[in-house]
Amino acid sequence: MKHQEELSKANKKIDEKAKIVQSTQWYPTYHVAPKVGWMNDPNGFCYFNGEYHVFYQHHPFSPHWGPMYWGHAKSKDLSSWEHLPIALAPSEDYDQDGCFSGSAIQIEDKLYLFYTGNVWTGEDRDHDLKQVQCIAVSEDGVRFTKDVRNPIIANAPDGNIHPFHIRDPKVWKKDEYYYMVLGSKTKENVGQILLYRSIDLYEWEFINIAATGEGNFGFMWECPDIFNLDSHDILLMSPQGMKPEDYKYHNLHQSGYVVGNLDYQTGTFQHGPFELLDHGFDVYAPQSTVDEQGRRIIIAWMNMWESEMPEQQHEWAGALTIPRVMTYEKGEIRCRPVPELQKLRKEKISFQNINVNGNIELNEINGNSLELQIVFDAKKASTFGIKLRVSESLGEETVLTYDTTSEMLSFNRDSSGQGPKGVRQAPVQLKDNKLHLQIFLDQSSLEVFINDGEKVMTGRIYPDQHSSSIHFFSQGECSIIEVEKWNLGSAF
Ligand code: FRU
């Protein structure tokens with residue numbers, strides 16, 4: 001009962017303001033964002049009864065983090081989305097200060113949500129907390145009932161495991177068992193993950209600490225996810241507190257993966273080095289699901305903790321990335337935008353064989369919400385690239401530059417407009433002296449897929465709405481073999 005009341009209050013609150021919020025300048029055209037209020041991690045990403053569902057950490061009462069609810073949206077095709085009522089609200093003793101992150105799994109015709117119940121037990125939020133694992137169930141994929149047996153995991157296991165930081169259950173099935181992985185840390189603040197198994201989803205047996213960080217690997221691992229790609233086990237996770245190294249780890253926290261092998265009997269994960277999932281500014285807490293076609297699809301929070309979020313002045317904060325298909329090909333992970341996004345494309349504008357030496361604009365290649373595909377031939381250029389969301393009079397631009405000497409692609413948002421600044425870099429090798437970029441620009445975001453998903457760079461930007469020009473530039477001659485542009489329509 002209490003749960004239903006809390007949900008009604010929250011749903012009423014967001015419906016009052018949704019229209020106004022969604023008409024403000026940085027509200028995305030085709031990314032999932034909260035109708036009103038705050039969003040962080042995607043949760044419970046799944047394919048249920050022929051539709052994709054994504055939930056998210058949500059605070060409906062303000063554009064700032066607070067007691068966590070689960071917001072909810074669904075899609076038939078990963079390009080058009082529909083908002084649904086809030087699915088979970090804090091309402092019980094065991095989750096009174098938040099329904100934290102977790103996952104979803106379909107069993108027969110029901111959808112099970114696994115989430116972390118969070119309770120503050122004192123003033124120090126790093127130490128005075130109790131985190132337990134819980135279940136909520138739905139038959140229609142819209143209304144969820146918290147299970148009377150909650151919490152289903154009430155305490156951290158014995159051993160070198162921090163007793164209170166234990167959260168973000170991701171559940172999957174393999175052979176006769178369900179498995180669950182949890183984010184955690186040691187008593188000395190080293191990130192690690194815990195592996196459990198269950199026959200019935202309610203009784204969970206702790207198997208082992210599957211992996212613990214060594215060296216510069218963070219003080220806590222959040223939002224772990226384990227799955228198999230092309231006979232390799234992938235552990236996707238979000239380590240907090242890795243120190244910057246060279247061009248890497250300049251964001252407050254990181255998201256990435258290791259490739260290896262999970263021994264389900266001993267519960268240990270042998271793996272190679274940590275790789276970043278995205279080389280930009282704003283990707284955190286990615287979560288994956290597998291769909292009917294067997295594709296591994298990931299979606300992430302397109303923000304970073306503690307970054308400035310100018311959209312808060314308009315009563316909302318946070319968005320999800322576009323969904324990306326993750327594959328393992330010839331020893332490398334690739335992430336490509338889901339092809340269904342082509343459904344959002346409007347009329348196409350394209351040009352071929354344009355020489356660039358200096359700065360040029362192309363007729364009708366401009367806009368704020370669009371997809372661009374570009375193939376550059378570097379020729380003799382030392383640096384070349386593209387500027388987006390440009391206004392010469394306002395001095396705004398967001399710049400992607402390829403440097404042929406350092407073989408780095410950089411994303412510079414120092415002059416993007418309001419909001420956080422900085423530069424991020426990704427090592428990128430030209431292929432036959434060519435660079436391929438697939439760019440998704442929305443009202444306050446940029447996602448760049450480099451050389452067919454070899455690398456990705458994502459960032460939030462907050463330009464003036466009139467900053468919509470696009471420039472191509474080169475130091476020394478380069479050529480654009482082809483550029484194609486489509487304005488993208490609304491996903492809602
Ligand atoms: C990751 C995270 C999770 C937690 C949630 C709380 O961004 O800190 O570990 O469950 O956010 O909103």
# chains A, B, ... in the order shown; residues from 1 in each chain; ligands from 1
>>> residues_near_ligand(ligand="ligand 1", cutoff="8 Å", atoms="only C-alpha atoms and all ligand atoms", output="PDB file with N, CA and C atoms, in the first residue's frame")
ATOM      1  N   ASN A  40      20.113   8.989 -12.909  1.00  0.00           N
ATOM      2  CA  ASN A  40      21.463   8.456 -13.104  1.00  0.00           C
ATOM      3  C   ASN A  40      21.377   7.071 -13.741  1.00  0.00           C
ATOM      4  N   ASP A  41      22.052   6.083 -13.244  1.00  0.00           N
ATOM      5  CA  ASP A  41      22.250   4.802 -13.954  1.00  0.00           C
ATOM      6  C   ASP A  41      21.009   4.212 -14.631  1.00  0.00           C
ATOM      7  N   GLN A  57      17.750   5.116 -12.377  1.00  0.00           N
ATOM      8  CA  GLN A  57      17.806   5.774 -11.076  1.00  0.00           C
ATOM      9  C   GLN A  57      17.204   7.171 -11.246  1.00  0.00           C
ATOM     10  N   HIS A  58      16.234   7.485 -10.412  1.00  0.00           N
ATOM     11  CA  HIS A  58      15.413   8.666 -10.670  1.00  0.00           C
ATOM     12  C   HIS A  58      15.056   9.352  -9.364  1.00  0.00           C
ATOM     13  N   TRP A  65      20.307  14.496  -7.145  1.00  0.00           N
ATOM     14  CA  TRP A  65      20.225  13.150  -6.587  1.00  0.00           C
ATOM     15  C   TRP A  65      19.523  13.210  -5.234  1.00  0.00           C
ATOM     16  N   MET A  68      16.295   7.368  -4.120  1.00  0.00           N
ATOM     17  CA  MET A  68      16.165   6.869  -5.490  1.00  0.00           C
ATOM     18  C   MET A  68      14.894   6.085  -5.755  1.00  0.00           C
ATOM     19  N   GLY A  98      16.209   4.646  -0.515  1.00  0.00           N
ATOM     20  CA  GLY A  98      16.487   4.530  -1.941  1.00  0.00           C
ATOM     21  C   GLY A  98      16.409   3.128  -2.479  1.00  0.00           C
ATOM     22  N   CYS A  99      15.817   3.012  -3.677  1.00  0.00           N
ATOM     23  CA  CYS A  99      15.863   1.773  -4.443  1.00  0.00           C
ATOM     24  C   CYS A  99      17.018   1.957  -5.413  1.00  0.00           C
ATOM     25  N   PHE A 100      18.176   1.454  -5.042  1.00  0.00           N
ATOM     26  CA  PHE A 100      19.395   1.665  -5.820  1.00  0.00           C
ATOM     27  C   PHE A 100      19.427   0.719  -7.027  1.00  0.00           C
ATOM     28  N   SER A 101      20.522   0.796  -7.764  1.00  0.00           N
ATOM     29  CA  SER A 101      20.609   0.141  -9.081  1.00  0.00           C
ATOM     30  C   SER A 101      20.458  -1.370  -9.026  1.00  0.00           C
ATOM     31  N   GLY A 102      20.071  -1.911 -10.181  1.00  0.00           N
ATOM     32  CA  GLY A 102      19.916  -3.352 -10.304  1.00  0.00           C
ATOM     33  C   GLY A 102      19.499  -3.723 -11.708  1.00  0.00           C
ATOM     34  N   THR A 116      18.925  -2.828  -5.099  1.00  0.00           N
ATOM     35  CA  THR A 116      19.536  -2.687  -3.777  1.00  0.00           C
ATOM     36  C   THR A 116      18.696  -1.746  -2.926  1.00  0.00           C
ATOM     37  N   ARG A 167      26.242  -3.715  -3.592  1.00  0.00           N
ATOM     38  CA  ARG A 167      25.054  -3.233  -4.317  1.00  0.00           C
ATOM     39  C   ARG A 167      25.088  -3.555  -5.807  1.00  0.00           C
ATOM     40  N   ASP A 168      23.984  -3.180  -6.476  1.00  0.00           N
ATOM     41  CA  ASP A 168      23.827  -3.213  -7.934  1.00  0.00           C
ATOM     42  C   ASP A 168      23.778  -4.641  -8.492  1.00  0.00           C
ATOM     43  N   GLY A 183      28.499  -5.357  -6.924  1.00  0.00           N
ATOM     44  CA  GLY A 183      29.631  -4.458  -6.772  1.00  0.00           C
ATOM     45  C   GLY A 183      29.979  -4.345  -5.297  1.00  0.00           C
ATOM     46  N   TRP A 221      34.002  -0.932  -6.950  1.00  0.00           N
ATOM     47  CA  TRP A 221      33.496  -1.246  -8.288  1.00  0.00           C
ATOM     48  C   TRP A 221      31.981  -1.235  -8.237  1.00  0.00           C
ATOM     49  N   GLU A 222      31.382  -0.367  -9.058  1.00  0.00           N
ATOM     50  CA  GLU A 222      29.924  -0.256  -9.096  1.00  0.00           C
ATOM     51  C   GLU A 222      29.386  -0.913 -10.363  1.00  0.00           C
ATOM     52  N   CYS A 223      28.121  -1.264 -10.289  1.00  0.00           N
ATOM     53  CA  CYS A 223      27.366  -1.724 -11.461  1.00  0.00           C
ATOM     54  C   CYS A 223      28.075  -2.767 -12.321  1.00  0.00           C
ATOM     55  N   SER A 238      32.101  -0.286 -13.336  1.00  0.00           N
ATOM     56  CA  SER A 238      32.393   1.134 -13.184  1.00  0.00           C
ATOM     57  C   SER A 238      33.214   1.352 -11.920  1.00  0.00           C
ATOM     58  N   TYR A 284      28.765   6.446 -17.774  1.00  0.00           N
ATOM     59  CA  TYR A 284      28.925   5.784 -16.488  1.00  0.00           C
ATOM     60  C   TYR A 284      27.840   4.725 -16.314  1.00  0.00           C
ATOM     61  N   ALA A 285      28.173   3.723 -15.517  1.00  0.00           N
ATOM     62  CA  ALA A 285      27.220   2.674 -15.137  1.00  0.00           C
ATOM     63  C   ALA A 285      26.522   2.012 -16.325  1.00  0.00           C
ATOM     64  N   TRP A 305      29.329  11.722 -12.356  1.00  0.00           N
ATOM     65  CA  TRP A 305      29.099  12.216 -10.994  1.00  0.00           C
ATOM     66  C   TRP A 305      29.882  13.502 -10.763  1.00  0.00           C
TER      67      TRP A 305
END
>>> residues_around(residues="range 399-405 of chain A", least_positions_apart="3", cutoff="8 Å", atoms="only C-alpha atoms", output="number ranges by chain")
A: 378, 381-388, 408-413
>>> closest_residue(among="A:Glu306, A:Asp377, A:Asp464, A:Glu51", to="Asp432 in chain A", atoms="only C-alpha atoms")
A:Asp377
>>> residues_around(residues="range 326-331 of chain A", least_positions_apart="3", cutoff="8 Å", atoms="only C-alpha atoms", output="PyMOL selection string")
chain A and resi 229-230+295-298+334-336
>>> closest_residue(among="A:Gln270, A:Gln465, A:Gln342, A:Gln254", to="Ser391 in chain A", atoms="only C-alpha atoms")
A:Gln465
>>> residues_around(residues="Pro34 in chain A", least_positions_apart="3", cutoff="8 Å", atoms="only C-alpha atoms", output="ChimeraX atom specification")
/A:37-39,58,71,316-319
>>> closest_residue(among="A:Thr398, A:Ser198, A:Asn487, A:Asn43", to="Ala300 in chain A", atoms="only C-alpha atoms")
A:Asn43
>>> closest_residue(among="A:His31, A:Val119, A:Ser80, A:Val21", to="Leu441 in chain A", atoms="only C-alpha atoms")
A:His31
>>> closest_residue(among="A:Ile14, A:Leu446, A:Leu437, A:Val181", to="Leu320 in chain A", atoms="only C-alpha atoms")
A:Leu446
>>> select_by_dssp(residues="range 87-189 of chain A", states="strand (DSSP E)", output="number ranges by chain")
A: 87-88, 99-107, 110-120, 129-138, 145-146, 166-174, 177-185
>>> write_last_selection(atoms="N, CA and C atoms", output="compact mmCIF listing (two decimals), in the first residue's frame")
# COMPACT_ATOMS: atom_id res chain seq x y z
N ALA A 87 8.37 2.91 -11.59
CA ALA A 87 8.17 1.50 -11.24
C ALA A 87 8.42 1.20 -9.77
N LEU A 88 9.42 1.84 -9.18
CA LEU A 88 9.75 1.56 -7.78
C LEU A 88 9.94 2.87 -7.02
N CYS A 99 15.82 3.01 -3.68
CA CYS A 99 15.86 1.77 -4.44
C CYS A 99 17.02 1.96 -5.41
N PHE A 100 18.18 1.45 -5.04
CA PHE A 100 19.40 1.67 -5.82
C PHE A 100 19.43 0.72 -7.03
N SER A 101 20.52 0.80 -7.76
CA SER A 101 20.61 0.14 -9.08
C SER A 101 20.46 -1.37 -9.03
N GLY A 102 20.07 -1.91 -10.18
CA GLY A 102 19.92 -3.35 -10.30
C GLY A 102 19.50 -3.72 -11.71
N SER A 103 18.98 -4.94 -11.84
CA SER A 103 18.75 -5.50 -13.17
C SER A 103 17.38 -6.15 -13.26
N ALA A 104 17.05 -6.69 -14.42
CA ALA A 104 15.76 -7.35 -14.63
C ALA A 104 15.98 -8.67 -15.33
N ILE A 105 15.09 -9.61 -15.06
CA ILE A 105 15.15 -10.89 -15.78
C ILE A 105 13.72 -11.40 -15.95
N GLN A 106 13.45 -11.89 -17.15
CA GLN A 106 12.12 -12.46 -17.40
C GLN A 106 12.15 -13.94 -17.06
N ILE A 107 11.17 -14.39 -16.26
CA ILE A 107 11.06 -15.81 -15.97
C ILE A 107 9.62 -16.20 -16.24
N LYS A 110 6.72 -13.51 -16.25
CA LYS A 110 6.85 -12.42 -15.27
C LYS A 110 8.19 -11.71 -15.40
N LEU A 111 8.16 -10.44 -15.02
CA LEU A 111 9.41 -9.67 -15.03
C LEU A 111 9.85 -9.44 -13.59
N TYR A 112 11.06 -9.89 -13.29
CA TYR A 112 11.62 -9.75 -11.94
C TYR A 112 12.65 -8.62 -11.95
N LEU A 113 12.51 -7.69 -11.03
CA LEU A 113 13.53 -6.66 -10.85
C LEU A 113 14.35 -7.01 -9.62
N PHE A 114 15.65 -6.92 -9.75
CA PHE A 114 16.56 -7.07 -8.60
C PHE A 114 17.17 -5.70 -8.33
N TYR A 115 17.06 -5.22 -7.11
CA TYR A 115 17.61 -3.91 -6.81
C TYR A 115 18.20 -3.90 -5.41
N THR A 116 18.92 -2.83 -5.10
CA THR A 116 19.54 -2.69 -3.78
C THR A 116 18.70 -1.75 -2.93
N GLY A 117 18.30 -2.22 -1.77
CA GLY A 117 17.62 -1.35 -0.80
C GLY A 117 18.68 -0.61 -0.01
N ASN A 118 18.56 0.71 0.04
CA ASN A 118 19.58 1.50 0.75
C ASN A 118 18.96 2.19 1.96
N VAL A 119 19.67 2.10 3.08
CA VAL A 119 19.23 2.78 4.31
C VAL A 119 20.43 3.51 4.91
N TRP A 120 20.28 4.80 5.20
CA TRP A 120 21.34 5.53 5.91
C TRP A 120 21.20 5.24 7.40
N LEU A 129 25.75 3.20 6.33
CA LEU A 129 24.71 2.77 5.41
C LEU A 129 24.53 1.26 5.51
N LYS A 130 23.33 0.82 5.10
CA LYS A 130 23.07 -0.62 5.06
C LYS A 130 22.50 -0.90 3.68
N GLN A 131 23.11 -1.83 2.95
CA GLN A 131 22.62 -2.14 1.61
C GLN A 131 22.24 -3.61 1.52
N VAL A 132 21.01 -3.85 1.08
CA VAL A 132 20.49 -5.22 0.98
C VAL A 132 19.91 -5.43 -0.42
N GLN A 133 19.79 -6.69 -0.82
CA GLN A 133 19.32 -6.97 -2.18
C GLN A 133 17.87 -7.43 -2.14
N CYS A 134 17.08 -6.93 -3.10
CA CYS A 134 15.62 -7.10 -3.06
C CYS A 134 15.05 -7.48 -4.43
N ILE A 135 13.82 -7.95 -4.38
CA ILE A 135 13.09 -8.34 -5.61
C ILE A 135 11.76 -7.60 -5.69
N ALA A 136 11.38 -7.19 -6.91
CA ALA A 136 10.01 -6.74 -7.19
C ALA A 136 9.55 -7.45 -8.46
N VAL A 137 8.29 -7.80 -8.51
CA VAL A 137 7.79 -8.64 -9.61
C VAL A 137 6.61 -7.98 -10.32
N SER A 138 6.53 -8.22 -11.63
CA SER A 138 5.41 -7.68 -12.39
C SER A 138 4.90 -8.69 -13.40
N THR A 145 5.37 -5.23 -7.75
CA THR A 145 5.10 -5.46 -6.34
C THR A 145 6.37 -5.94 -5.67
N LYS A 146 6.71 -5.30 -4.57
CA LYS A 146 7.90 -5.74 -3.83
C LYS A 146 7.60 -7.07 -3.15
N ILE A 166 27.69 -2.90 -0.78
CA ILE A 166 27.43 -4.13 -1.52
C ILE A 166 26.12 -3.90 -2.27
N ARG A 167 26.24 -3.71 -3.59
CA ARG A 167 25.05 -3.23 -4.32
C ARG A 167 25.09 -3.55 -5.81
N ASP A 168 23.98 -3.18 -6.48
CA ASP A 168 23.83 -3.21 -7.93
C ASP A 168 23.78 -4.64 -8.49
N PRO A 169 22.82 -5.45 -8.03
CA PRO A 169 22.74 -6.85 -8.49
C PRO A 169 22.45 -6.95 -9.98
N LYS A 170 23.26 -7.75 -10.66
CA LYS A 170 22.96 -8.09 -12.06
C LYS A 170 22.77 -9.60 -12.09
N VAL A 171 21.62 -10.04 -12.57
CA VAL A 171 21.25 -11.46 -12.50
C VAL A 171 21.13 -12.03 -13.91
N TRP A 172 21.64 -13.23 -14.12
CA TRP A 172 21.46 -13.93 -15.39
C TRP A 172 21.36 -15.42 -15.14
N LYS A 173 20.95 -16.15 -16.15
CA LYS A 173 20.79 -17.60 -15.98
C LYS A 173 21.81 -18.32 -16.83
N LYS A 174 22.40 -19.37 -16.25
CA LYS A 174 23.28 -20.23 -17.05
C LYS A 174 23.05 -21.66 -16.58
N TYR A 177 21.41 -22.86 -13.00
CA TYR A 177 21.47 -21.84 -11.95
C TYR A 177 21.19 -20.43 -12.45
N TYR A 178 20.68 -19.61 -11.53
CA TYR A 178 20.74 -18.16 -11.71
C TYR A 178 22.02 -17.69 -11.04
N TYR A 179 22.66 -16.70 -11.64
CA TYR A 179 23.86 -16.11 -11.04
C TYR A 179 23.61 -14.64 -10.79
N MET A 180 24.28 -14.12 -9.77
CA MET A 180 24.18 -12.70 -9.46
C MET A 180 25.58 -12.17 -9.19
N VAL A 181 25.88 -11.02 -9.75
CA VAL A 181 27.13 -10.37 -9.43
C VAL A 181 26.80 -9.06 -8.73
N LEU A 182 27.59 -8.73 -7.71
CA LEU A 182 27.38 -7.50 -6.94
C LEU A 182 28.65 -6.67 -6.93
N GLY A 183 28.50 -5.36 -6.92
CA GLY A 183 29.63 -4.46 -6.77
C GLY A 183 29.98 -4.34 -5.30
N SER A 184 31.29 -4.26 -5.00
CA SER A 184 31.70 -4.19 -3.61
C SER A 184 33.13 -3.68 -3.51
N LYS A 185 33.66 -3.71 -2.29
CA LYS A 185 35.07 -3.37 -2.08
C LYS A 185 35.58 -4.15 -0.88
>>> atom_distance(atom1="CA of Ala211 in chain A", atom2="CA of Lys248 in chain A")
21.9 Å
>>> closest_residue(among="A:Gly459, A:Pro157, A:Gly50, A:Pro63", to="Glu447 in chain A", atoms="only C-alpha atoms")
A:Gly459
